[in-house]
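A.B. asks: Enclosed is the structure file final_21.cif (mmCIF, C-alpha atoms and all ligand atoms).
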data_model
#
loop_
_atom_site.group_PDB
_atom_site.id
_atom_site.type_symbol
_atom_site.label_atom_id
_atom_site.label_comp_id
_atom_site.auth_asym_id
_atom_site.auth_seq_id
_atom_site.Cartn_x
_atom_site.Cartn_y
_atom_site.Cartn_z
ATOM 1 C CA MET A 30 123.304 46.806 118.020
ATOM 2 C CA PHE A 31 121.756 45.601 121.276
ATOM 3 C CA GLY A 32 119.924 48.346 123.161
ATOM 4 C CA LEU A 33 119.813 50.708 120.167
ATOM 5 C CA LYS A 34 116.584 51.232 118.305
ATOM 6 C CA LYS A 35 117.025 50.202 114.685
ATOM 7 C CA ARG A 36 116.135 52.943 112.203
ATOM 8 C CA ARG A 37 113.494 51.611 109.858
ATOM 9 C CA ARG A 38 114.520 51.726 106.236
ATOM 10 C CA GLY A 39 112.268 52.527 103.291
ATOM 11 C CA PRO A 40 109.543 55.050 102.763
ATOM 12 C CA PRO A 41 107.487 56.291 105.722
ATOM 13 C CA ALA A 42 104.104 54.665 106.284
ATOM 14 C CA GLY A 43 101.433 56.043 104.008
ATOM 15 C CA SER A 44 103.708 56.980 101.128
ATOM 16 C CA GLY A 45 101.985 54.403 98.936
ATOM 17 C CA LEU A 46 98.761 56.359 99.357
ATOM 18 C CA LEU A 47 96.623 56.509 96.218
ATOM 19 C CA CYS A 48 99.137 54.645 94.066
ATOM 20 C CA SER A 49 97.488 53.855 90.753
ATOM 21 C CA GLY A 50 100.359 52.263 88.856
ATOM 22 C CA ALA A 51 102.898 53.705 86.451
ATOM 23 C CA PRO A 52 104.301 52.351 83.189
ATOM 24 C CA ALA A 53 107.122 49.876 83.808
ATOM 25 C CA GLN A 54 109.548 52.030 81.827
ATOM 26 C CA PRO A 55 110.185 55.714 82.611
ATOM 27 C CA PRO A 56 110.000 58.232 79.752
ATOM 28 C CA ALA A 57 113.126 58.293 77.583
ATOM 29 C CA SER A 58 113.750 62.017 78.105
ATOM 30 C CA TRP A 59 112.249 65.152 79.579
ATOM 31 C CA GLU A 60 111.569 66.386 76.037
ATOM 32 C CA GLU A 61 109.272 63.390 75.560
ATOM 33 C CA ILE A 62 107.366 64.354 78.713
ATOM 34 C CA VAL A 63 106.999 68.042 77.877
ATOM 35 C CA CYS A 64 106.058 67.430 74.233
ATOM 36 C CA GLY A 65 103.422 64.989 75.428
ATOM 37 C CA TYR A 66 101.580 67.836 77.155
ATOM 38 C CA GLY A 67 101.730 70.372 74.305
ATOM 39 C CA ALA A 68 98.294 71.767 73.496
ATOM 40 C CA SER A 69 96.885 74.449 71.251
ATOM 41 C CA VAL A 70 93.969 76.712 72.115
ATOM 42 C CA ASP A 71 91.581 79.013 70.357
ATOM 43 C CA PRO A 72 92.431 82.282 72.175
ATOM 44 C CA ALA A 73 89.000 83.828 71.603
ATOM 45 C CA GLU A 74 87.225 80.809 73.034
ATOM 46 C CA ALA A 75 89.729 80.554 75.910
ATOM 47 C CA ARG A 76 89.255 84.263 76.659
ATOM 48 C CA ALA A 77 85.505 83.853 76.757
ATOM 49 C CA GLN A 78 85.864 80.950 79.184
ATOM 50 C CA ALA A 79 88.628 82.462 81.348
ATOM 51 C CA GLY A 80 88.094 81.357 84.934
ATOM 52 C CA ASN A 81 90.206 84.095 86.500
ATOM 53 C CA ALA A 82 91.920 87.380 85.671
ATOM 54 C CA ALA A 83 95.314 85.770 84.998
ATOM 55 C CA GLU A 84 93.747 83.479 82.409
ATOM 56 C CA ALA A 85 91.981 86.463 80.872
ATOM 57 C CA ALA A 86 95.269 88.395 80.698
ATOM 58 C CA PHE A 87 97.139 85.433 79.221
ATOM 59 C CA PHE A 88 94.585 84.597 76.547
ATOM 60 C CA ALA A 89 94.333 88.281 75.577
ATOM 61 C CA GLN A 90 98.030 88.197 74.601
ATOM 62 C CA ASP A 91 98.216 88.794 70.859
ATOM 63 C CA ASP A 92 101.586 90.521 70.493
ATOM 64 C CA ARG A 93 104.821 88.918 71.716
ATOM 65 C CA LEU A 94 104.894 85.170 72.341
ATOM 66 C CA ALA A 95 104.288 83.925 75.886
ATOM 67 C CA THR A 96 104.448 80.312 77.081
ATOM 68 C CA LYS A 97 102.827 79.137 80.299
ATOM 69 C CA TRP A 98 101.403 75.884 81.603
ATOM 70 C CA HIS A 99 97.657 76.364 81.856
ATOM 71 C CA HIS A 100 97.314 75.453 85.526
ATOM 72 C CA TYR A 101 99.893 78.115 86.521
ATOM 73 C CA LEU A 102 97.402 80.867 85.691
ATOM 74 C CA GLU A 103 95.007 80.001 88.501
ATOM 75 C CA ILE A 104 97.941 79.760 90.928
ATOM 76 C CA TYR A 105 99.263 83.175 89.879
ATOM 77 C CA ASP A 106 95.838 84.664 90.382
ATOM 78 C CA ARG A 107 95.532 83.136 93.837
ATOM 79 C CA HIS A 108 98.831 84.653 94.972
ATOM 80 C CA LEU A 109 99.010 87.875 92.971
ATOM 81 C CA SER A 110 95.458 89.216 92.671
ATOM 82 C CA ARG A 111 96.015 91.487 95.691
ATOM 83 C CA TYR A 112 98.624 93.398 93.676
ATOM 84 C CA ARG A 113 96.365 94.265 90.741
ATOM 85 C CA GLY A 114 95.990 98.004 90.209
ATOM 86 C CA LYS A 115 98.794 98.711 92.712
ATOM 87 C CA PRO A 116 102.372 99.977 92.225
ATOM 88 C CA VAL A 117 103.720 96.429 92.654
ATOM 89 C CA ARG A 118 107.343 95.735 91.681
ATOM 90 C CA LEU A 119 107.636 92.470 89.741
ATOM 91 C CA LEU A 120 110.828 90.856 88.452
ATOM 92 C CA GLU A 121 110.546 87.952 86.022
ATOM 93 C CA LEU A 122 113.697 85.861 85.562
ATOM 94 C CA GLY A 123 113.511 84.482 82.019
ATOM 95 C CA VAL A 124 111.974 86.777 79.435
ATOM 96 C CA PHE A 125 112.096 84.623 76.278
ATOM 97 C CA GLN A 126 110.085 86.551 73.647
ATOM 98 C CA GLY A 127 108.663 89.114 76.081
ATOM 99 C CA GLY A 128 105.016 88.044 75.893
ATOM 100 C CA SER A 129 104.955 87.158 79.551
ATOM 101 C CA LEU A 130 106.080 90.665 80.592
ATOM 102 C CA GLN A 131 103.309 92.125 78.421
ATOM 103 C CA MET A 132 100.832 89.780 80.057
ATOM 104 C CA TRP A 133 101.951 90.923 83.518
ATOM 105 C CA ARG A 134 101.362 94.535 82.462
ATOM 106 C CA ARG A 135 97.837 93.652 81.347
ATOM 107 C CA TYR A 136 97.167 91.688 84.539
ATOM 108 C CA LEU A 137 98.732 94.060 87.089
ATOM 109 C CA GLY A 138 97.868 97.386 85.514
ATOM 110 C CA PRO A 139 99.668 100.611 84.580
ATOM 111 C CA GLN A 140 101.161 101.320 88.011
ATOM 112 C CA ALA A 141 103.149 98.094 88.174
ATOM 113 C CA VAL A 142 106.937 98.303 87.869
ATOM 114 C CA ILE A 143 107.850 95.349 85.671
ATOM 115 C CA HIS A 144 111.423 94.221 85.030
ATOM 116 C CA GLY A 145 112.759 91.097 83.355
ATOM 117 C CA LEU A 146 116.168 89.441 83.254
ATOM 118 C CA ASP A 147 117.427 87.199 80.482
ATOM 119 C CA ILE A 148 120.778 85.858 79.394
ATOM 120 C CA ASN A 149 119.872 86.238 75.715
ATOM 121 C CA PRO A 150 121.156 89.587 74.372
ATOM 122 C CA GLY A 151 118.334 89.511 71.805
ATOM 123 C CA CYS A 152 115.915 90.310 74.644
ATOM 124 C CA ARG A 153 117.331 93.849 74.649
ATOM 125 C CA GLU A 154 114.722 94.845 72.073
ATOM 126 C CA ILE A 155 111.893 94.031 74.466
ATOM 127 C CA THR A 156 112.525 97.041 76.687
ATOM 128 C CA GLU A 157 109.613 99.205 75.778
ATOM 129 C CA ASP A 158 107.239 101.573 77.513
ATOM 130 C CA GLY A 159 106.896 100.449 81.076
ATOM 131 C CA LEU A 160 108.908 97.250 80.702
ATOM 132 C CA LYS A 161 112.598 96.993 81.472
ATOM 133 C CA VAL A 162 114.758 94.054 80.477
ATOM 134 C CA HIS A 163 118.182 93.449 82.032
ATOM 135 C CA LEU A 164 120.727 91.229 80.356
ATOM 136 C CA GLY A 165 122.756 88.669 82.274
ATOM 137 C CA SER A 166 122.515 85.508 84.314
ATOM 138 C CA GLN A 167 120.095 84.728 87.100
ATOM 139 C CA ALA A 168 123.090 83.225 88.902
ATOM 140 C CA ASP A 169 124.946 86.560 89.068
ATOM 141 C CA PRO A 170 124.388 87.853 92.612
ATOM 142 C CA GLY A 171 125.826 91.326 91.922
ATOM 143 C CA LEU A 172 123.481 91.811 88.970
ATOM 144 C CA LEU A 173 120.460 90.658 90.970
ATOM 145 C CA ARG A 174 121.319 93.095 93.760
ATOM 146 C CA ARG A 175 121.706 95.954 91.274
ATOM 147 C CA ILE A 176 118.342 95.147 89.681
ATOM 148 C CA ALA A 177 116.638 95.052 93.089
ATOM 149 C CA GLU A 178 118.188 98.426 93.914
ATOM 150 C CA GLU A 179 117.129 99.943 90.591
ATOM 151 C CA MET A 180 113.582 98.671 91.138
ATOM 152 C CA GLY A 181 113.492 100.251 94.588
ATOM 153 C CA GLY A 182 112.774 96.834 96.083
ATOM 154 C CA ILE A 183 110.846 93.836 94.774
ATOM 155 C CA ASP A 184 107.400 92.552 95.715
ATOM 156 C CA VAL A 185 107.150 89.599 93.346
ATOM 157 C CA VAL A 186 109.792 87.366 91.771
ATOM 158 C CA ILE A 187 108.865 84.839 89.114
ATOM 159 C CA ASP A 188 111.756 82.501 88.325
ATOM 160 C CA ASP A 189 111.149 81.100 84.844
ATOM 161 C CA ALA A 190 114.709 81.308 83.541
ATOM 162 C CA GLY A 191 117.194 78.467 83.121
ATOM 163 C CA HIS A 192 115.411 75.882 85.326
ATOM 164 C CA ILE A 193 118.825 74.645 86.426
ATOM 165 C CA SER A 194 118.583 73.793 90.118
ATOM 166 C CA ALA A 195 121.855 75.479 91.137
ATOM 167 C CA GLU A 196 120.796 78.683 89.338
ATOM 168 C CA GLN A 197 117.313 78.659 90.864
ATOM 169 C CA ILE A 198 118.901 78.278 94.301
ATOM 170 C CA ALA A 199 121.491 81.003 93.587
ATOM 171 C CA SER A 200 118.737 83.468 92.597
ATOM 172 C CA PHE A 201 116.586 82.551 95.580
ATOM 173 C CA GLU A 202 119.434 82.973 98.068
ATOM 174 C CA VAL A 203 120.055 86.525 96.848
ATOM 175 C CA LEU A 204 116.526 87.696 96.107
ATOM 176 C CA TYR A 205 114.436 86.131 98.879
ATOM 177 C CA PRO A 206 116.116 88.153 101.644
ATOM 178 C CA LEU A 207 115.738 91.296 99.480
ATOM 179 C CA LEU A 208 112.052 90.650 98.747
ATOM 180 C CA ALA A 209 109.507 92.941 100.434
ATOM 181 C CA PRO A 210 108.370 91.629 103.847
ATOM 182 C CA ASP A 211 104.987 90.648 102.365
ATOM 183 C CA GLY A 212 106.362 89.606 98.975
ATOM 184 C CA VAL A 213 105.798 86.494 96.887
ATOM 185 C CA TYR A 214 108.520 84.362 95.268
ATOM 186 C CA ILE A 215 107.376 81.918 92.597
ATOM 187 C CA VAL A 216 109.649 79.265 91.117
ATOM 188 C CA GLU A 217 108.215 77.798 87.929
ATOM 189 C CA ASP A 218 108.856 74.541 86.131
ATOM 190 C CA VAL A 219 110.313 72.795 89.136
ATOM 191 C CA HIS A 220 109.615 69.528 87.289
ATOM 192 C CA ALA A 221 113.118 70.232 85.915
ATOM 193 C CA SER A 222 114.289 69.453 89.450
ATOM 194 C CA TYR A 223 113.748 65.778 88.599
ATOM 195 C CA TRP A 224 115.984 65.886 85.513
ATOM 196 C CA PRO A 225 119.719 65.142 85.810
ATOM 197 C CA ASP A 226 120.679 67.430 82.910
ATOM 198 C CA HIS A 227 119.086 70.311 84.840
ATOM 199 C CA GLY A 228 121.099 69.525 87.970
ATOM 200 C CA GLY A 229 118.372 67.442 89.552
ATOM 201 C CA GLY A 230 116.971 63.933 89.831
ATOM 202 C CA LEU A 231 114.543 62.222 92.189
ATOM 203 C CA ARG A 232 115.705 63.209 95.710
ATOM 204 C CA ALA A 233 119.050 64.193 94.195
ATOM 205 C CA HIS A 234 121.452 66.262 96.228
ATOM 206 C CA GLY A 235 121.442 69.816 94.863
ATOM 207 C CA ALA A 236 117.994 69.575 93.232
ATOM 208 C CA PHE A 237 115.842 72.653 93.785
ATOM 209 C CA MET A 238 113.014 70.472 95.088
ATOM 210 C CA GLU A 239 115.272 69.061 97.799
ATOM 211 C CA TYR A 240 116.279 72.616 98.708
ATOM 212 C CA ALA A 241 112.599 73.599 98.919
ATOM 213 C CA LYS A 242 111.892 70.605 101.154
ATOM 214 C CA LEU A 243 114.710 71.715 103.463
ATOM 215 C CA LEU A 244 113.098 75.143 103.632
ATOM 216 C CA LEU A 245 109.837 73.427 104.554
ATOM 217 C CA ASP A 246 111.677 71.961 107.551
ATOM 218 C CA ARG A 247 113.094 75.391 108.357
ATOM 219 C CA LEU A 248 109.570 76.831 108.333
ATOM 220 C CA HIS A 249 108.985 74.502 111.306
ATOM 221 C CA ALA A 250 112.324 75.162 113.004
ATOM 222 C CA ARG A 251 110.644 76.285 116.243
ATOM 223 C CA TYR A 252 109.105 72.877 116.756
ATOM 224 C CA VAL A 253 112.212 70.754 116.101
ATOM 225 C CA LEU A 254 113.695 68.847 119.070
ATOM 226 C CA ASP A 255 116.999 68.113 117.337
ATOM 227 C CA PRO A 256 120.213 69.110 119.148
ATOM 228 C CA ASP A 257 121.545 70.778 115.966
ATOM 229 C CA PRO A 258 121.027 74.549 116.442
ATOM 230 C CA PHE A 259 120.866 75.073 112.671
ATOM 231 C CA ALA A 260 117.788 72.832 112.464
ATOM 232 C CA ARG A 261 116.156 75.053 115.115
ATOM 233 C CA ASP A 262 117.198 78.429 113.668
ATOM 234 C CA PRO A 263 113.962 80.419 113.232
ATOM 235 C CA GLY A 264 115.344 83.069 110.838
ATOM 236 C CA PHE A 265 113.583 81.722 107.738
ATOM 237 C CA ALA A 266 110.373 80.952 109.632
ATOM 238 C CA ASP A 267 110.298 84.470 111.106
ATOM 239 C CA VAL A 268 109.822 86.013 107.652
ATOM 240 C CA THR A 269 107.909 83.255 105.847
ATOM 241 C CA HIS A 270 104.151 82.881 106.003
ATOM 242 C CA GLY A 271 104.008 79.718 103.929
ATOM 243 C CA ILE A 272 105.308 77.586 101.104
ATOM 244 C CA ALA A 273 102.825 76.243 98.577
ATOM 245 C CA PHE A 274 103.801 73.241 96.476
ATOM 246 C CA HIS A 275 101.841 72.855 93.265
ATOM 247 C CA ASP A 276 102.451 70.711 90.193
ATOM 248 C CA SER A 277 105.750 72.138 88.868
ATOM 249 C CA MET A 278 105.573 75.336 90.895
ATOM 250 C CA VAL A 279 106.672 76.351 94.389
ATOM 251 C CA VAL A 280 105.372 79.595 95.895
ATOM 252 C CA PHE A 281 107.011 81.222 98.916
ATOM 253 C CA GLU A 282 104.936 83.831 100.731
ATOM 254 C CA LYS A 283 106.864 86.212 102.908
ATOM 255 C CA ARG A 284 105.347 87.880 105.948
ATOM 256 C CA LEU A 285 106.843 89.372 109.069
ATOM 257 C CA LYS A 286 105.243 87.184 111.663
ATOM 258 C CA PRO A 287 104.650 87.683 115.348
ATOM 259 C CA LEU A 288 105.606 84.666 117.448
ATOM 260 C CA PRO A 289 103.112 81.824 117.006
ATOM 261 C CA ARG A 290 100.322 81.873 119.606
ATOM 262 C CA SER A 291 98.435 78.804 120.719
ATOM 263 C CA LEU A 292 94.933 80.059 121.590
ATOM 264 C CA ARG A 293 91.981 78.656 123.518
ATOM 265 C CA VAL A 294 88.380 79.750 123.558
ATOM 266 C CA GLY A 295 85.377 78.209 125.277
ATOM 267 C CA HIS A 296 85.621 76.386 128.626
ATOM 268 C CA ARG A 297 83.529 73.177 128.648
ATOM 269 C CA THR A 298 85.556 69.951 128.522
ATOM 270 C CA LEU A 299 84.589 66.265 128.354
ATOM 271 C CA SER A 300 82.916 65.113 131.553
HETATM 272 C C1 LIG B 401 111.097 79.376 79.584
HETATM 273 S S1 LIG B 401 111.850 80.793 78.872
HETATM 274 C C2 LIG B 401 110.985 82.097 79.672
HETATM 275 C C3 LIG B 401 109.568 82.162 79.275
HETATM 276 C C4 LIG B 401 108.835 83.420 79.679
HETATM 277 N N1 LIG B 401 108.950 83.688 81.103
HETATM 278 C C5 LIG B 401 107.378 83.238 79.309
HETATM 279 O O1 LIG B 401 106.581 82.965 80.202
HETATM 280 O O2 LIG B 401 107.050 83.373 78.141
HETATM 281 C C6 LIG B 401 113.411 80.778 79.638
HETATM 282 C C7 LIG B 401 114.278 81.984 79.339
HETATM 283 O O3 LIG B 401 115.316 81.999 80.304
HETATM 284 C C8 LIG B 401 116.499 82.438 79.701
HETATM 285 N N2 LIG B 401 117.633 81.924 80.496
HETATM 286 C C9 LIG B 401 118.207 80.703 80.476
HETATM 287 N N3 LIG B 401 119.188 80.624 81.377
HETATM 288 C C10 LIG B 401 119.227 81.828 82.002
HETATM 289 C C11 LIG B 401 120.040 82.375 83.031
HETATM 290 N N4 LIG B 401 120.993 81.665 83.627
HETATM 291 N N5 LIG B 401 119.808 83.637 83.427
HETATM 292 C C12 LIG B 401 118.837 84.390 82.839
HETATM 293 N N6 LIG B 401 118.042 83.915 81.855
HETATM 294 C C13 LIG B 401 118.237 82.655 81.429
HETATM 295 C C14 LIG B 401 116.445 81.913 78.274
HETATM 296 O O4 LIG B 401 117.229 82.729 77.420
HETATM 297 C C15 LIG B 401 114.943 81.990 77.975
HETATM 298 O O5 LIG B 401 114.620 83.174 77.302
#
Written as structure tokens, how would this file's structure read?
Ligand SMILES: C[S@@+](CC[C@H](N)C(=O)[O-])C[C@H]1O[C@@H](n2cnc3c(N)ncnc32)[C@H](O)[C@@H]1O

C.D. replies:
Amino acid sequence: MFGLKKRRRGPPAGSGLLCSGAPAQPPASWEEIVCGYGASVDPAEARAQAGNAAEAAFFAQDDRLATKWHHYLEIYDRHLSRYRGKPVRLLELGVFQGGSLQMWRRYLGPQAVIHGLDINPGCREITEDGLKVHLGSQADPGLLRRIAEEMGGIDVVIDDAGHISAEQIASFEVLYPLLAPDGVYIVEDVHASYWPDHGGGLRAHGAFMEYAKLLLDRLHARYVLDPDPFARDPGFADVTHGIAFHDSMVVFEKRLKPLPRSLRVGHRTLS
């Protein structure tokens, strides 16, 4: 319409950056993708070459089965190394065979309070010395609140359960506000956010990745000029230090922040 600026359609400038070409046809299924990346390792060799303590803890696992993507280990270590040897309270959503909980014990040390939650009643048998497994759904807010209370608070959440976007969001909405003010919330396998049978799809409404992108906007709420007060609500930003997006993993770091300060030092300016 005359006098109105036309909104430009299409991707923003620069989004073609570093394109290298993709096959004309997408993969037939997510199973095809995941199977394509399956790899086996020699644990002894991997242990000897471990590049960080999380890798060392993972490759030392020789009891219950644990499954992790290799590159997650470095990311865990980056965000969780400060908790090693401390009475950290960790909740893992999705226990599977229990190997991951055992790995967290090895990595974090004897003082850590480690709980897991799984929908599979068979996981009951995993509760053993120092590990506690709760049965139920990650989408049950009452259960999540009871677990947080029993744990006396939570410092670290690792969501590796159903990988259904709506369930990941349901867990996050309950647990993130309950997380310690300097806690860490890790959502794994967010590649499932791109799969319709997991409640996702590329830029699909309701996909966890879209939710995380909205939270990225909310982290910058103070700087938004939009008339919508919700877009400028600083509540999430006030308690969030950062959001790290990695391949298939999103990490939220909580921190009670003072108001941002724009600082200046030095005095000489261009003549
Ligand atoms: C990928 S496995 C967990 C792997 C484990 N964290 C590891 O690293 O070895 C996913 C687990 O989540 C559980 N699960 C699926 N949907 C769930 C839900 N809604 N609530 C809780 N657990 C769920 C499954 O029973 C399964 O054991």

A.B. asks: For Ala177 of chain A, find every residue with an atom within 8 Å (counting only C-alpha atoms), except residues of its own chain fewer than 5 positions away, and show them as a list in words.

C.D. replies: Gly182, Ile183, Leu204 and Leu207 of chain A

A.B. asks: I need the residue nearest Ser166 of chain A from this list: A:Thr298, A:Gly123, A:Leu137, A:Val203. Use only C-alpha atoms for the distance.

C.D. replies: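 The closest residue to Ser166 of chain A is A:Gly123.
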
A.B. asks: Show me which residues line ligand LIG 401 (chain B), defined as having an atom within 8 Å of a ligand atom where all atoms listed in the file count, and present them as a PDB file with C-alpha atoms, in the frame of the given file.

C.D. replies:
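Dumped to selection11.pdb:
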ATOM      1  CA  LEU A  94     104.894  85.170  72.341  1.00  0.00           C
ATOM      2  CA  ALA A  95     104.288  83.925  75.886  1.00  0.00           C
ATOM      3  CA  THR A  96     104.448  80.312  77.081  1.00  0.00           C
ATOM      4  CA  LYS A  97     102.827  79.137  80.299  1.00  0.00           C
ATOM      5  CA  GLU A 121     110.546  87.952  86.022  1.00  0.00           C
ATOM      6  CA  LEU A 122     113.697  85.861  85.562  1.00  0.00           C
ATOM      7  CA  GLY A 123     113.511  84.482  82.019  1.00  0.00           C
ATOM      8  CA  VAL A 124     111.974  86.777  79.435  1.00  0.00           C
ATOM      9  CA  PHE A 125     112.096  84.623  76.278  1.00  0.00           C
ATOM     10  CA  GLN A 126     110.085  86.551  73.647  1.00  0.00           C
ATOM     11  CA  GLY A 127     108.663  89.114  76.081  1.00  0.00           C
ATOM     12  CA  GLY A 128     105.016  88.044  75.893  1.00  0.00           C
ATOM     13  CA  SER A 129     104.955  87.158  79.551  1.00  0.00           C
ATOM     14  CA  LEU A 130     106.080  90.665  80.592  1.00  0.00           C
ATOM     15  CA  LEU A 146     116.168  89.441  83.254  1.00  0.00           C
ATOM     16  CA  ASP A 147     117.427  87.199  80.482  1.00  0.00           C
ATOM     17  CA  ILE A 148     120.778  85.858  79.394  1.00  0.00           C
ATOM     18  CA  ASN A 149     119.872  86.238  75.715  1.00  0.00           C
ATOM     19  CA  CYS A 152     115.915  90.310  74.644  1.00  0.00           C
ATOM     20  CA  LEU A 164     120.727  91.229  80.356  1.00  0.00           C
ATOM     21  CA  GLY A 165     122.756  88.669  82.274  1.00  0.00           C
ATOM     22  CA  SER A 166     122.515  85.508  84.314  1.00  0.00           C
ATOM     23  CA  GLN A 167     120.095  84.728  87.100  1.00  0.00           C
ATOM     24  CA  ALA A 168     123.090  83.225  88.902  1.00  0.00           C
ATOM     25  CA  ASP A 188     111.756  82.501  88.325  1.00  0.00           C
ATOM     26  CA  ASP A 189     111.149  81.100  84.844  1.00  0.00           C
ATOM     27  CA  ALA A 190     114.709  81.308  83.541  1.00  0.00           C
ATOM     28  CA  GLY A 191     117.194  78.467  83.121  1.00  0.00           C
ATOM     29  CA  HIS A 192     115.411  75.882  85.326  1.00  0.00           C
ATOM     30  CA  ILE A 193     118.825  74.645  86.426  1.00  0.00           C
ATOM     31  CA  GLU A 196     120.796  78.683  89.338  1.00  0.00           C
TER      32      GLU A 196
END

A.B. asks: Do you know which residues are at most 10 Å from Tyr205 of chain A counting only C-alpha atoms, after dropping those on the same chain fewer than 6 positions away, and could you put them as a PyMOL selection string?

C.D. replies: chain A and resi 183+185-186+212-214+265+268-269+281-283

A.B. asks: Would you mind telling me which residue in A:Asp184, A:Asp276, A:Glu103, A:Glu61 lies nearest to Pro206 of chain A when using all atoms listed in the file?

C.D. replies: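 Residue with the minimum atom-to-atom distance to Pro206 of chain A: A:Asp184.
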
A.B. asks: Name all residues at most 8 Å from Lys115 of chain A (count only C-alpha atoms; drop same-chain ones fewer than 4 positions away) and give them as a list in words.

C.D. replies: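 With the cut-off at 8 Å, the set is Leu137, Gly138, Gln140 and Ala141 of chain A.
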
A.B. asks: A:Ala260, A:Met132, A:Leu160, A:Ala57: which is nearest Tyr105 of chain A, counting only C-alpha atoms?

C.D. replies: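 Counting only C-alpha atoms, the residue closest to Tyr105 of chain A is A:Met132.
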
A.B. asks: Applied to this file, what does the PyMOL selection byres (((chain A and resi 221) around 12) and not hetatm) return in terms of residues, put as a short mmCIF file (atom, residue, chain, number, x, y, z; two decimals) with C-alpha atoms, keeping the file's coordinate frame?

C.D. replies:
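Output contents, as saved in selection_33.cif:
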data_model
loop_
_atom_site.label_atom_id
_atom_site.label_comp_id
_atom_site.auth_asym_id
_atom_site.auth_seq_id
_atom_site.Cartn_x
_atom_site.Cartn_y
_atom_site.Cartn_z
CA SER A 58 113.75 62.02 78.10
CA TRP A 59 112.25 65.15 79.58
CA GLU A 60 111.57 66.39 76.04
CA ILE A 62 107.37 64.35 78.71
CA VAL A 63 107.00 68.04 77.88
CA ASP A 189 111.15 81.10 84.84
CA ALA A 190 114.71 81.31 83.54
CA GLY A 191 117.19 78.47 83.12
CA HIS A 192 115.41 75.88 85.33
CA ILE A 193 118.82 74.64 86.43
CA SER A 194 118.58 73.79 90.12
CA ALA A 195 121.86 75.48 91.14
CA GLU A 196 120.80 78.68 89.34
CA GLN A 197 117.31 78.66 90.86
CA VAL A 216 109.65 79.26 91.12
CA GLU A 217 108.22 77.80 87.93
CA ASP A 218 108.86 74.54 86.13
CA VAL A 219 110.31 72.80 89.14
CA HIS A 220 109.62 69.53 87.29
CA SER A 222 114.29 69.45 89.45
CA TYR A 223 113.75 65.78 88.60
CA TRP A 224 115.98 65.89 85.51
CA PRO A 225 119.72 65.14 85.81
CA ASP A 226 120.68 67.43 82.91
CA HIS A 227 119.09 70.31 84.84
CA GLY A 228 121.10 69.53 87.97
CA GLY A 229 118.37 67.44 89.55
CA GLY A 230 116.97 63.93 89.83
CA LEU A 231 114.54 62.22 92.19
CA ALA A 233 119.05 64.19 94.20
CA ALA A 236 117.99 69.58 93.23
CA PHE A 237 115.84 72.65 93.78
CA MET A 238 113.01 70.47 95.09
CA ASP A 276 102.45 70.71 90.19
CA SER A 277 105.75 72.14 88.87
CA MET A 278 105.57 75.34 90.90
#

A.B. asks: Any chance you could build segment 236-247 of chain A out to N, CA and C atoms and write it as an mmCIF file, in the frame of the given file?

C.D. replies:
data_model
loop_
_atom_site.group_PDB
_atom_site.id
_atom_site.type_symbol
_atom_site.label_atom_id
_atom_site.label_comp_id
_atom_site.auth_asym_id
_atom_site.auth_seq_id
_atom_site.Cartn_x
_atom_site.Cartn_y
_atom_site.Cartn_z
ATOM 1 N N ALA A 236 119.214 69.280 93.994
ATOM 2 C CA ALA A 236 117.994 69.575 93.232
ATOM 3 C C ALA A 236 117.195 70.676 93.939
ATOM 4 N N PHE A 237 116.601 71.571 93.166
ATOM 5 C CA PHE A 237 115.842 72.653 93.785
ATOM 6 C C PHE A 237 114.745 72.100 94.698
ATOM 7 N N MET A 238 114.114 71.017 94.278
ATOM 8 C CA MET A 238 113.014 70.472 95.088
ATOM 9 C C MET A 238 113.511 70.016 96.457
ATOM 10 N N GLU A 239 114.713 69.464 96.500
ATOM 11 C CA GLU A 239 115.272 69.061 97.799
ATOM 12 C C GLU A 239 115.550 70.295 98.655
ATOM 13 N N TYR A 240 116.029 71.339 98.017
ATOM 14 C CA TYR A 240 116.279 72.616 98.708
ATOM 15 C C TYR A 240 114.962 73.150 99.286
ATOM 16 N N ALA A 241 113.902 73.094 98.463
ATOM 17 C CA ALA A 241 112.599 73.599 98.919
ATOM 18 C C ALA A 241 112.080 72.763 100.087
ATOM 19 N N LYS A 242 112.340 71.457 100.044
ATOM 20 C CA LYS A 242 111.892 70.605 101.154
ATOM 21 C C LYS A 242 112.656 70.944 102.437
ATOM 22 N N LEU A 243 113.940 71.290 102.283
ATOM 23 C CA LEU A 243 114.710 71.715 103.463
ATOM 24 C C LEU A 243 114.116 72.995 104.045
ATOM 25 N N LEU A 244 113.697 73.893 103.145
ATOM 26 C CA LEU A 244 113.098 75.143 103.632
ATOM 27 C C LEU A 244 111.763 74.863 104.324
ATOM 28 N N LEU A 245 111.081 73.825 103.881
ATOM 29 C CA LEU A 245 109.837 73.427 104.554
ATOM 30 C C LEU A 245 110.133 72.996 105.995
ATOM 31 N N ASP A 246 111.250 72.298 106.174
ATOM 32 C CA ASP A 246 111.677 71.961 107.551
ATOM 33 C C ASP A 246 112.019 73.234 108.320
ATOM 34 N N ARG A 247 112.682 74.169 107.640
ATOM 35 C CA ARG A 247 113.094 75.391 108.357
ATOM 36 C C ARG A 247 111.888 76.244 108.743
#
